[in-house]
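K.L.:
This is target.pdb (PDB, C-alpha atoms).
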ATOM      1  CA  MET I   1     -35.319 -53.236 -28.626
ATOM      2  CA  ASN I   2     -37.143 -52.501 -31.862
ATOM      3  CA  LEU I   3     -36.905 -56.231 -32.594
ATOM      4  CA  MET I   4     -39.121 -56.925 -29.568
ATOM      5  CA  PHE I   5     -41.684 -54.385 -30.740
ATOM      6  CA  TRP I   6     -41.951 -55.885 -34.207
ATOM      7  CA  LEU I   7     -41.995 -59.436 -32.855
ATOM      8  CA  GLY I   8     -44.894 -58.456 -30.604
ATOM      9  CA  TRP I   9     -46.494 -56.656 -33.555
ATOM     10  CA  ILE I  10     -46.420 -59.841 -35.653
ATOM     11  CA  VAL I  11     -47.822 -62.052 -32.872
ATOM     12  CA  ILE I  12     -50.627 -59.668 -31.848
ATOM     13  CA  ARG I  13     -51.539 -58.800 -35.428
ATOM     14  CA  SER I  14     -51.678 -62.487 -36.376
ATOM     15  CA  VAL I  15     -53.915 -63.421 -33.446
ATOM     16  CA  ALA I  16     -56.178 -60.422 -34.032
ATOM     17  CA  VAL I  17     -56.581 -61.254 -37.723
ATOM     18  CA  VAL I  18     -56.872 -65.055 -37.542
ATOM     19  CA  VAL I  19     -58.810 -65.487 -34.300
ATOM     20  CA  PHE I  20     -60.847 -62.285 -34.011
ATOM     21  CA  ARG I  21     -60.950 -61.145 -37.666
ATOM     22  CA  ILE I  22     -59.947 -57.596 -36.801
ATOM     23  CA  ARG I  23     -60.781 -54.947 -39.367
ATOM     24  CA  ILE I  24     -58.163 -52.210 -39.657
ATOM     25  CA  MET I  25     -59.492 -49.202 -41.533
ATOM     26  CA  ASP I  26     -57.683 -46.209 -43.045
ATOM     27  CA  ASN I  27     -54.346 -46.617 -41.256
ATOM     28  CA  ARG I  28     -52.824 -44.936 -44.310
ATOM     29  CA  ASN I  29     -53.823 -41.722 -42.508
ATOM     30  CA  ILE I  30     -50.798 -42.213 -40.245
ATOM     31  CA  PRO I  31     -47.984 -39.960 -41.533
ATOM     32  CA  ALA I  32     -45.301 -41.911 -43.382
ATOM     33  CA  GLU I  33     -42.562 -40.030 -41.532
ATOM     34  CA  GLY I  34     -42.064 -37.515 -38.759
ATOM     35  CA  PRO I  35     -43.602 -37.284 -35.281
ATOM     36  CA  PHE I  36     -47.293 -37.858 -34.647
ATOM     37  CA  ILE I  37     -49.747 -38.639 -31.875
ATOM     38  CA  LEU I  38     -52.366 -41.384 -32.091
ATOM     39  CA  ALA I  39     -55.288 -40.313 -29.873
ATOM     40  CA  CYS I  40     -57.653 -43.212 -29.156
ATOM     41  CA  ASN I  41     -60.672 -43.985 -26.993
ATOM     42  CA  HIS I  42     -59.999 -46.442 -24.159
ATOM     43  CA  ILE I  43     -62.225 -49.458 -23.409
ATOM     44  CA  SER I  44     -59.892 -52.351 -22.590
ATOM     45  CA  TYR I  45     -56.443 -53.381 -21.373
ATOM     46  CA  TYR I  46     -55.976 -54.744 -24.903
ATOM     47  CA  ASP I  47     -56.230 -51.318 -26.532
ATOM     48  CA  PRO I  48     -52.488 -50.436 -26.551
ATOM     49  CA  PRO I  49     -51.257 -53.634 -28.243
ATOM     50  CA  LEU I  50     -54.179 -53.676 -30.684
ATOM     51  CA  VAL I  51     -53.674 -50.053 -31.697
ATOM     52  CA  GLY I  52     -49.934 -50.655 -31.999
ATOM     53  CA  ALA I  53     -50.495 -53.742 -34.143
ATOM     54  CA  SER I  54     -52.838 -51.729 -36.387
ATOM     55  CA  SER I  55     -50.159 -49.137 -37.120
ATOM     56  CA  PRO I  56     -47.652 -49.560 -39.956
ATOM     57  CA  ARG I  57     -45.151 -47.537 -37.908
ATOM     58  CA  LEU I  58     -43.589 -48.166 -34.516
ATOM     59  CA  VAL I  59     -45.476 -46.326 -31.777
ATOM     60  CA  HIS I  60     -44.712 -45.731 -28.111
ATOM     61  CA  PHE I  61     -47.402 -45.651 -25.453
ATOM     62  CA  MET I  62     -47.788 -44.713 -21.814
ATOM     63  CA  ALA I  63     -48.853 -47.281 -19.183
ATOM     64  CA  LYS I  64     -49.711 -46.819 -15.523
ATOM     65  CA  LYS I  65     -46.601 -47.206 -13.402
ATOM     66  CA  GLU I  66     -48.133 -50.047 -11.349
ATOM     67  CA  LEU I  67     -47.731 -52.371 -14.342
ATOM     68  CA  PHE I  68     -43.956 -52.076 -14.052
ATOM     69  CA  ARG I  69     -43.769 -53.430 -10.491
ATOM     70  CA  ASN I  70     -43.382 -56.973 -11.769
ATOM     71  CA  ARG I  71     -39.841 -57.001 -13.153
ATOM     72  CA  LEU I  72     -40.480 -59.532 -15.912
ATOM     73  CA  PHE I  73     -43.711 -57.958 -17.124
ATOM     74  CA  GLY I  74     -42.223 -54.492 -16.751
ATOM     75  CA  TRP I  75     -39.264 -55.511 -18.897
ATOM     76  CA  LEU I  76     -41.566 -57.014 -21.512
ATOM     77  CA  ILE I  77     -43.772 -53.962 -21.934
ATOM     78  CA  SER I  78     -40.753 -51.653 -21.806
ATOM     79  CA  ALA I  79     -39.224 -53.647 -24.664
ATOM     80  CA  THR I  80     -42.414 -53.086 -26.658
ATOM     81  CA  LYS I  81     -42.153 -49.312 -26.145
ATOM     82  CA  ALA I  82     -44.285 -48.776 -23.026
ATOM     83  CA  HIS I  83     -43.301 -46.028 -20.596
ATOM     84  CA  PRO I  84     -44.562 -45.555 -17.018
ATOM     85  CA  ILE I  85     -46.876 -42.715 -16.050
ATOM     86  CA  ASN I  86     -48.338 -41.620 -12.719
ATOM     87  CA  ARG I  87     -52.054 -41.132 -13.338
ATOM     88  CA  ARG I  88     -52.754 -39.556  -9.940
ATOM     89  CA  GLY I  89     -51.268 -36.169 -10.652
ATOM     90  CA  PHE I  90     -49.027 -34.111 -12.909
ATOM     91  CA  ASP I  91     -46.150 -36.322 -13.980
ATOM     92  CA  ARG I  92     -43.268 -34.108 -15.122
ATOM     93  CA  LYS I  93     -41.078 -37.114 -15.952
ATOM     94  CA  ALA I  94     -43.749 -38.544 -18.262
ATOM     95  CA  ILE I  95     -44.031 -35.180 -20.030
ATOM     96  CA  GLU I  96     -40.265 -35.195 -20.579
ATOM     97  CA  ILE I  97     -40.373 -38.749 -21.963
ATOM     98  CA  THR I  98     -43.271 -38.091 -24.326
ATOM     99  CA  THR I  99     -41.756 -34.819 -25.517
ATOM    100  CA  GLY I 100     -38.479 -36.618 -26.208
ATOM    101  CA  ILE I 101     -40.286 -39.288 -28.237
ATOM    102  CA  LEU I 102     -41.974 -36.675 -30.405
ATOM    103  CA  LYS I 103     -38.846 -34.549 -30.841
ATOM    104  CA  SER I 104     -37.030 -37.669 -32.075
ATOM    105  CA  GLY I 105     -39.582 -37.972 -34.893
ATOM    106  CA  GLN I 106     -41.452 -41.007 -33.569
ATOM    107  CA  GLY I 107     -45.093 -41.871 -32.900
ATOM    108  CA  LEU I 108     -46.886 -41.819 -29.555
ATOM    109  CA  THR I 109     -50.229 -43.368 -28.583
ATOM    110  CA  ILE I 110     -52.298 -41.387 -26.061
ATOM    111  CA  PHE I 111     -55.656 -42.250 -24.502
ATOM    112  CA  PRO I 112     -57.186 -38.812 -23.791
ATOM    113  CA  GLU I 113     -59.738 -40.219 -21.323
ATOM    114  CA  GLY I 114     -56.887 -41.307 -19.057
ATOM    115  CA  THR I 115     -58.541 -44.540 -17.985
ATOM    116  CA  ARG I 116     -60.826 -47.211 -19.394
ATOM    117  CA  SER I 117     -64.480 -46.364 -19.892
ATOM    118  CA  GLN I 118     -66.815 -48.869 -18.241
ATOM    119  CA  SER I 119     -69.214 -48.591 -21.175
ATOM    120  CA  ASP I 120     -69.116 -47.717 -24.864
ATOM    121  CA  SER I 121     -69.644 -44.050 -23.969
ATOM    122  CA  PHE I 122     -66.638 -41.747 -23.840
ATOM    123  CA  LEU I 123     -65.274 -40.189 -20.669
ATOM    124  CA  SER I 124     -64.310 -36.524 -20.464
ATOM    125  CA  PRO I 125     -60.787 -36.085 -21.857
ATOM    126  CA  HIS I 126     -57.833 -34.890 -19.812
ATOM    127  CA  PRO I 127     -55.915 -31.867 -21.158
ATOM    128  CA  GLY I 128     -52.622 -33.799 -21.453
ATOM    129  CA  VAL I 129     -53.106 -34.761 -25.098
ATOM    130  CA  GLY I 130     -53.819 -31.118 -25.920
ATOM    131  CA  LEU I 131     -50.712 -30.005 -24.039
ATOM    132  CA  LEU I 132     -48.450 -32.436 -25.897
ATOM    133  CA  ALA I 133     -49.904 -31.625 -29.303
ATOM    134  CA  ARG I 134     -49.874 -27.843 -28.791
ATOM    135  CA  ARG I 135     -46.437 -27.536 -27.192
ATOM    136  CA  ASN I 136     -44.771 -29.874 -29.677
ATOM    137  CA  MET I 137     -46.866 -28.828 -32.697
ATOM    138  CA  VAL I 138     -47.230 -32.327 -34.114
ATOM    139  CA  PRO I 139     -50.197 -33.778 -36.042
ATOM    140  CA  VAL I 140     -52.758 -35.803 -34.114
ATOM    141  CA  VAL I 141     -54.360 -38.832 -35.766
ATOM    142  CA  PRO I 142     -57.698 -39.654 -34.098
ATOM    143  CA  VAL I 143     -58.361 -43.380 -33.664
ATOM    144  CA  TYR I 144     -61.472 -45.298 -32.676
ATOM    145  CA  ILE I 145     -61.183 -48.871 -31.411
ATOM    146  CA  ASN I 146     -64.227 -51.135 -31.286
ATOM    147  CA  GLY I 147     -64.861 -54.486 -29.658
ATOM    148  CA  ALA I 148     -61.702 -54.797 -27.549
ATOM    149  CA  ASN I 149     -63.911 -54.985 -24.455
ATOM    150  CA  ARG I 150     -66.080 -57.688 -26.046
ATOM    151  CA  LEU I 151     -63.616 -60.148 -27.516
ATOM    152  CA  LYS I 152     -65.893 -63.154 -26.958
ATOM    153  CA  GLU I 153     -68.645 -61.476 -28.986
ATOM    154  CA  CYS I 154     -66.110 -60.618 -31.699
ATOM    155  CA  PHE I 155     -64.891 -64.233 -31.787
ATOM    156  CA  LEU I 156     -68.484 -65.452 -32.175
ATOM    157  CA  GLY I 157     -69.223 -62.925 -34.907
ATOM    158  CA  ARG I 158     -71.708 -60.912 -32.819
ATOM    159  CA  ASN I 159     -69.509 -57.813 -32.819
ATOM    160  CA  ARG I 160     -66.554 -56.520 -34.802
ATOM    161  CA  LEU I 161     -63.065 -55.998 -33.465
ATOM    162  CA  GLY I 162     -61.558 -53.122 -35.359
ATOM    163  CA  THR I 163     -59.722 -49.832 -35.513
ATOM    164  CA  ILE I 164     -60.346 -46.841 -37.739
ATOM    165  CA  PHE I 165     -57.857 -44.015 -38.221
ATOM    166  CA  GLY I 166     -59.059 -40.531 -39.099
ATOM    167  CA  ARG I 167     -57.370 -37.825 -41.109
ATOM    168  CA  PRO I 168     -54.645 -36.078 -39.115
ATOM    169  CA  ILE I 169     -55.445 -32.907 -37.225
ATOM    170  CA  GLY I 170     -52.725 -30.712 -38.687
ATOM    171  CA  THR I 171     -50.553 -28.183 -36.940
ATOM    172  CA  ASP I 172     -52.450 -25.272 -38.524
ATOM    173  CA  LYS I 173     -55.603 -26.410 -36.710
ATOM    174  CA  ILE I 174     -53.714 -27.151 -33.498
ATOM    175  CA  ALA I 175     -52.258 -23.621 -33.547
ATOM    176  CA  GLU I 176     -55.804 -22.208 -33.341
ATOM    177  CA  PHE I 177     -55.948 -23.341 -29.697
ATOM    178  CA  SER I 178     -54.260 -21.164 -27.090
ATOM    179  CA  ASP I 179     -51.030 -22.333 -25.474
ATOM    180  CA  ASP I 180     -52.481 -22.504 -21.966
ATOM    181  CA  ARG I 181     -54.558 -24.862 -19.845
ATOM    182  CA  GLU I 182     -57.849 -23.715 -21.354
ATOM    183  CA  GLY I 183     -56.487 -24.202 -24.852
ATOM    184  CA  TYR I 184     -55.165 -27.666 -23.992
ATOM    185  CA  ARG I 185     -58.533 -28.687 -22.589
ATOM    186  CA  ASN I 186     -60.440 -27.313 -25.577
ATOM    187  CA  LEU I 187     -58.086 -29.114 -27.960
ATOM    188  CA  ALA I 188     -58.569 -32.376 -26.037
ATOM    189  CA  VAL I 189     -62.350 -31.953 -26.334
ATOM    190  CA  TYR I 190     -62.010 -31.320 -30.065
ATOM    191  CA  ILE I 191     -59.903 -34.460 -30.465
ATOM    192  CA  MET I 192     -62.523 -36.549 -28.625
ATOM    193  CA  GLU I 193     -65.204 -35.116 -30.909
ATOM    194  CA  ARG I 194     -63.207 -36.318 -33.900
ATOM    195  CA  ILE I 195     -62.935 -39.777 -32.290
ATOM    196  CA  GLY I 196     -66.716 -39.697 -31.832
ATOM    197  CA  GLU I 197     -67.159 -39.050 -35.553
ATOM    198  CA  LEU I 198     -64.947 -42.054 -36.279
ATOM    199  CA  LYS I 199     -67.061 -44.208 -33.979
ATOM    200  CA  LYS I 200     -70.182 -43.391 -35.979
ATOM    201  CA  GLU I 201     -68.338 -44.024 -39.240
ATOM    202  CA  PHE I 202     -66.982 -47.386 -38.044
ATOM    203  CA  LEU I 203     -70.398 -48.578 -36.875
ATOM    204  CA  ASP I 204     -72.063 -47.420 -40.101
ATOM    205  CA  ARG I 205     -69.462 -49.007 -42.396
ATOM    206  CA  ASN I 206     -69.648 -52.300 -40.508
ATOM    207  CA  GLY I 207     -73.425 -52.449 -40.139
ATOM    208  CA  LEU I 208     -73.284 -52.286 -36.346
ATOM    209  CA  THR I 209     -75.873 -50.756 -34.026
ATOM    210  CA  PRO I 210     -74.716 -48.424 -31.254
ATOM    211  CA  GLU I 211     -75.157 -49.760 -27.721
ATOM    212  CA  PRO I 212     -78.222 -48.212 -26.005
ATOM    213  CA  VAL I 213     -77.469 -45.507 -23.450
ATOM    214  CA  HIS I 214     -78.779 -46.472 -20.000
TER     215      HIS I 214
END
Can you turn what I pasted into structure tokens?
P.N.:
Amino acid sequence: MNLMFWLGWIVIRSVAVVVFRIRIMDNRNIPAEGPFILACNHISYYDPPLVGASSPRLVHFMAKKELFRNRLFGWLISATKAHPINRRGFDRKAIEITTGILKSGQGLTIFPEGTRSQSDSFLSPHPGVGLLARRNMVPVVPVYINGANRLKECFLGRNRLGTIFGRPIGTDKIAEFSDDREGYRNLAVYIMERIGELKKEFLDRNGLTPEPVH
């Protein structure tokens, strides 16, 4: 199954580089070994494959369970390390799957907002990313993705498709947050703040102007 992931990685990475001139920044911040969480903002259906193709390591990700209803498509995304999640409530099975991924020493991509933002502004994060990080005590690498919701503009050179990876939030910092719902929520907010800092850095380093807030 890893063959399918890396085949998809090559295809998506090639298209992103050749067609959309993606800029991948600081992915050396991903730990070379051991479990980790990639926590990324969410603006497009293309975010999971683009974040995965920006990582030098294999990463799993969670996808809404409705995407698995089509057997062929469900098989395809499962082969590229997608796992179903019920977004309408607490999903104990998804927690077990994600915990198993981390305990096996692998990487996991999480979108703390839970769903796609309809603008370039962030949504309030759900506590799930805080729960997984705190209970499993694994580093969290904040990630900002830009332009995935404006691929035409990126193709025409009016925007920049790119990802930027921040320095990991280590387990010492994660341990400062309490192991309860309030602590999980506060940790999720802190992670989103770090993603916000990466957004500013990405825009500054690429000479881009933030979208006006309406």
K.L.:
When the PyMOL selection byres ((chain I and resi 203) around 12) is applied to the structure above, which residues does it catch, written out as a list of chain:residue names?
P.N.:
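Given this file, the PyMOL selection byres ((chain I and resi 203) around 12) evaluates to I:Arg23, I:Met25, I:Tyr144, I:Ile145, I:Asn146, I:Gly147, I:Asn159, I:Arg160, I:Leu161, I:Gly162, I:Thr163, I:Ile164, I:Gly196, I:Glu197, I:Leu198, I:Lys199, I:Lys200, I:Glu201, I:Phe202, I:Asp204, I:Arg205, I:Asn206, I:Gly207, I:Leu208, I:Thr209, I:Pro210, I:Glu211.
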K.L.:
For the residues in that selection, give me C-alpha atoms as a PDB file, keeping the file's coordinate frame.
P.N.:
ATOM      1  CA  ARG I  23     -60.781 -54.947 -39.367  1.00  0.00           C
ATOM      2  CA  MET I  25     -59.492 -49.202 -41.533  1.00  0.00           C
ATOM      3  CA  TYR I 144     -61.472 -45.298 -32.676  1.00  0.00           C
ATOM      4  CA  ILE I 145     -61.183 -48.871 -31.411  1.00  0.00           C
ATOM      5  CA  ASN I 146     -64.227 -51.135 -31.286  1.00  0.00           C
ATOM      6  CA  GLY I 147     -64.861 -54.486 -29.658  1.00  0.00           C
ATOM      7  CA  ASN I 159     -69.509 -57.813 -32.819  1.00  0.00           C
ATOM      8  CA  ARG I 160     -66.554 -56.520 -34.802  1.00  0.00           C
ATOM      9  CA  LEU I 161     -63.065 -55.998 -33.465  1.00  0.00           C
ATOM     10  CA  GLY I 162     -61.558 -53.122 -35.359  1.00  0.00           C
ATOM     11  CA  THR I 163     -59.722 -49.832 -35.513  1.00  0.00           C
ATOM     12  CA  ILE I 164     -60.346 -46.841 -37.739  1.00  0.00           C
ATOM     13  CA  GLY I 196     -66.716 -39.697 -31.832  1.00  0.00           C
ATOM     14  CA  GLU I 197     -67.159 -39.050 -35.553  1.00  0.00           C
ATOM     15  CA  LEU I 198     -64.947 -42.054 -36.279  1.00  0.00           C
ATOM     16  CA  LYS I 199     -67.061 -44.208 -33.979  1.00  0.00           C
ATOM     17  CA  LYS I 200     -70.182 -43.391 -35.979  1.00  0.00           C
ATOM     18  CA  GLU I 201     -68.338 -44.024 -39.240  1.00  0.00           C
ATOM     19  CA  PHE I 202     -66.982 -47.386 -38.044  1.00  0.00           C
ATOM     20  CA  ASP I 204     -72.063 -47.420 -40.101  1.00  0.00           C
ATOM     21  CA  ARG I 205     -69.462 -49.007 -42.396  1.00  0.00           C
ATOM     22  CA  ASN I 206     -69.648 -52.300 -40.508  1.00  0.00           C
ATOM     23  CA  GLY I 207     -73.425 -52.449 -40.139  1.00  0.00           C
ATOM     24  CA  LEU I 208     -73.284 -52.286 -36.346  1.00  0.00           C
ATOM     25  CA  THR I 209     -75.873 -50.756 -34.026  1.00  0.00           C
ATOM     26  CA  PRO I 210     -74.716 -48.424 -31.254  1.00  0.00           C
ATOM     27  CA  GLU I 211     -75.157 -49.760 -27.721  1.00  0.00           C
TER      28      GLU I 211
END
K.L.:
Mind pulling up the distance from atom CA of Ile24 of chain I to atom CA of Lys103 of chain I?
P.N.:
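These atoms are spaced 27.6 Å apart.
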K.L.:
Would you translate the PyMOL selection byres ((chain I and resi 104) around 12) into the concrete set of residues it matches in this file, as a PyMOL selection string?
P.N.:
chain I and resi 33-36+60+97-103+105-108+136+138
K.L.:
Please list, as a PyMOL selection string, the residues that have an atom at most 12 Å away from (-56.3, -41.2, -22.5) in the coordinates of this file, counting all atoms listed in the file.
P.N.:
chain I and resi 37-44+47-48+61-64+85+87+108-117+122-130+142-143+188-189+191-192+195
K.L.:
Enter the distance from atom CA of Phe155 of chain I to atom CA of Ala53 of chain I, in Å, rounded to one decimal.
P.N.:
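Spanning atom CA of Phe155 of chain I to atom CA of Ala53 of chain I is a straight-line distance of 18.0 Å.
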K.L.:
Pick out the closest residue to Asp180 of chain I from this set: I:Leu131, I:Gly52, I:Trp9, I:Ile30. Count all atoms listed in the file.
P.N.:
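Under the stated criterion, the closest residue is I:Leu131.
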K.L.:
Need the shell around Val15 of chain I: protein/DNA/RNA residues with any atom at most 12 Å away, counting all atoms listed in the file. Skip same-chain ones fewer than 3 positions apart. Format as a list in words?
P.N.:
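Once the adjacent positions are removed, what remains is Gly8, Trp9, Ile10, Val11, Ile12, Val18, Val19, Phe20, Arg21, Ile22, Pro49, Leu50, Ala53, Leu151, Phe155 and Leu161 of chain I.
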K.L.:
For the residues in that selection, give me C-alpha atoms as a compact mmCIF listing (two decimals), in the frame of the given file.
P.N.:
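Saved as again03.txt:
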# COMPACT_ATOMS: atom_id res chain seq x y z
CA GLY I 8 -44.89 -58.46 -30.60
CA TRP I 9 -46.49 -56.66 -33.56
CA ILE I 10 -46.42 -59.84 -35.65
CA VAL I 11 -47.82 -62.05 -32.87
CA ILE I 12 -50.63 -59.67 -31.85
CA VAL I 18 -56.87 -65.06 -37.54
CA VAL I 19 -58.81 -65.49 -34.30
CA PHE I 20 -60.85 -62.28 -34.01
CA ARG I 21 -60.95 -61.14 -37.67
CA ILE I 22 -59.95 -57.60 -36.80
CA PRO I 49 -51.26 -53.63 -28.24
CA LEU I 50 -54.18 -53.68 -30.68
CA ALA I 53 -50.50 -53.74 -34.14
CA LEU I 151 -63.62 -60.15 -27.52
CA PHE I 155 -64.89 -64.23 -31.79
CA LEU I 161 -63.06 -56.00 -33.47
K.L.:
Looking at I:Arg194, I:Arg150, I:Lys65, I:His83, which one is nearest to Phe165 of chain I, with distances taken over all atoms listed in the file?
P.N.:
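The closest residue to Phe165 of chain I is I:Arg194.
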K.L.:
Give the answer as one residue: which of I:Asp91, I:Met137, I:Asn149, I:Cys154 has the shortest atom-to-atom distance to Ala16 of chain I, using only C-alpha atoms?
P.N.:
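Result for the nearest residue to Ala16 of chain I: I:Cys154.
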K.L.:
Kindly give the distance, in Å, that separates atom CA of Thr171 of chain I and atom CA of Arg28 of chain I, rounded to a single decimal.
P.N.:
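If I compute the distance from atom CA of Thr171 of chain I to atom CA of Arg28 of chain I, I get 18.4 Å.
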K.L.:
Closest to Pro56 of chain I among I:Ala133, I:Leu187, I:Ala94, I:Ala32, using all atoms listed in the file?
P.N.:
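Result for the nearest residue to Pro56 of chain I: I:Ala32.
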K.L.:
Could you check the closest approach to Trp6 of chain I for each of I:Asn70, I:Ser54, I:Gln118, I:Thr80 and tell me which residue wins, using all atoms listed in the file?
P.N.:
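Of all the options, I:Thr80 lies closest to Trp6 of chain I.
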K.L.:
Nearest to Ile95 of chain I among I:Arg167, I:Arg71, I:Arg135, I:Lys152, with distances taken over only C-alpha atoms: which residue is it?
P.N.:
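For Ile95 of chain I, the nearest of the given residues is I:Arg135.
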K.L.:
If I only have part of segment 151-167 of chain I, can you fill in N, CA, C and O atoms and write it as an mmCIF file, in the coordinates of the input?
P.N.:
data_model
loop_
_atom_site.group_PDB
_atom_site.id
_atom_site.type_symbol
_atom_site.label_atom_id
_atom_site.label_comp_id
_atom_site.auth_asym_id
_atom_site.auth_seq_id
_atom_site.Cartn_x
_atom_site.Cartn_y
_atom_site.Cartn_z
ATOM 1 N N LEU I 151 -64.328 -59.241 -26.630
ATOM 2 C CA LEU I 151 -63.616 -60.148 -27.516
ATOM 3 C C LEU I 151 -64.390 -61.441 -27.770
ATOM 4 O O LEU I 151 -64.326 -62.006 -28.869
ATOM 5 N N LYS I 152 -65.109 -61.935 -26.763
ATOM 6 C CA LYS I 152 -65.893 -63.154 -26.958
ATOM 7 C C LYS I 152 -66.951 -62.939 -28.031
ATOM 8 O O LYS I 152 -67.153 -63.789 -28.906
ATOM 9 N N GLU I 153 -67.633 -61.784 -27.977
ATOM 10 C CA GLU I 153 -68.645 -61.476 -28.986
ATOM 11 C C GLU I 153 -68.012 -61.339 -30.372
ATOM 12 O O GLU I 153 -68.595 -61.760 -31.374
ATOM 13 N N CYS I 154 -66.799 -60.757 -30.416
ATOM 14 C CA CYS I 154 -66.110 -60.618 -31.699
ATOM 15 C C CYS I 154 -65.721 -61.989 -32.256
ATOM 16 O O CYS I 154 -65.849 -62.254 -33.458
ATOM 17 N N PHE I 155 -65.274 -62.881 -31.375
ATOM 18 C CA PHE I 155 -64.891 -64.233 -31.787
ATOM 19 C C PHE I 155 -66.092 -64.994 -32.350
ATOM 20 O O PHE I 155 -65.980 -65.729 -33.337
ATOM 21 N N LEU I 156 -67.267 -64.767 -31.738
ATOM 22 C CA LEU I 156 -68.484 -65.452 -32.175
ATOM 23 C C LEU I 156 -69.186 -64.758 -33.337
ATOM 24 O O LEU I 156 -70.215 -65.240 -33.820
ATOM 25 N N GLY I 157 -68.635 -63.632 -33.782
ATOM 26 C CA GLY I 157 -69.223 -62.925 -34.907
ATOM 27 C C GLY I 157 -70.394 -62.038 -34.550
ATOM 28 O O GLY I 157 -71.107 -61.563 -35.437
ATOM 29 N N ARG I 158 -70.594 -61.761 -33.254
ATOM 30 C CA ARG I 158 -71.708 -60.912 -32.819
ATOM 31 C C ARG I 158 -71.303 -59.445 -32.724
ATOM 32 O O ARG I 158 -72.139 -58.576 -32.495
ATOM 33 N N ASN I 159 -70.038 -59.176 -32.843
ATOM 34 C CA ASN I 159 -69.509 -57.813 -32.819
ATOM 35 C C ASN I 159 -68.297 -57.791 -33.742
ATOM 36 O O ASN I 159 -67.910 -58.818 -34.288
ATOM 37 N N ARG I 160 -67.703 -56.643 -33.915
ATOM 38 C CA ARG I 160 -66.554 -56.520 -34.802
ATOM 39 C C ARG I 160 -65.394 -55.862 -34.060
ATOM 40 O O ARG I 160 -65.519 -54.748 -33.558
ATOM 41 N N LEU I 161 -64.282 -56.586 -33.980
ATOM 42 C CA LEU I 161 -63.065 -55.998 -33.465
ATOM 43 C C LEU I 161 -62.437 -55.178 -34.585
ATOM 44 O O LEU I 161 -62.278 -55.677 -35.703
ATOM 45 N N GLY I 162 -62.130 -53.930 -34.294
ATOM 46 C CA GLY I 162 -61.558 -53.122 -35.359
ATOM 47 C C GLY I 162 -61.028 -51.781 -34.887
ATOM 48 O O GLY I 162 -61.328 -51.320 -33.779
ATOM 49 N N THR I 163 -60.229 -51.180 -35.733
ATOM 50 C CA THR I 163 -59.722 -49.832 -35.513
ATOM 51 C C THR I 163 -59.943 -49.027 -36.782
ATOM 52 O O THR I 163 -59.876 -49.557 -37.888
ATOM 53 N N ILE I 164 -60.216 -47.740 -36.599
ATOM 54 C CA ILE I 164 -60.346 -46.841 -37.739
ATOM 55 C C ILE I 164 -59.548 -45.575 -37.435
ATOM 56 O O ILE I 164 -59.649 -45.012 -36.342
ATOM 57 N N PHE I 165 -58.751 -45.152 -38.381
ATOM 58 C CA PHE I 165 -57.857 -44.015 -38.221
ATOM 59 C C PHE I 165 -58.396 -42.846 -39.046
ATOM 60 O O PHE I 165 -58.643 -42.990 -40.254
ATOM 61 N N GLY I 166 -58.553 -41.705 -38.406
ATOM 62 C CA GLY I 166 -59.059 -40.531 -39.099
ATOM 63 C C GLY I 166 -57.949 -39.714 -39.739
ATOM 64 O O GLY I 166 -56.763 -39.966 -39.540
ATOM 65 N N ARG I 167 -58.350 -38.722 -40.507
ATOM 66 C CA ARG I 167 -57.370 -37.825 -41.109
ATOM 67 C C ARG I 167 -56.670 -37.033 -40.004
ATOM 68 O O ARG I 167 -57.287 -36.634 -39.012
#
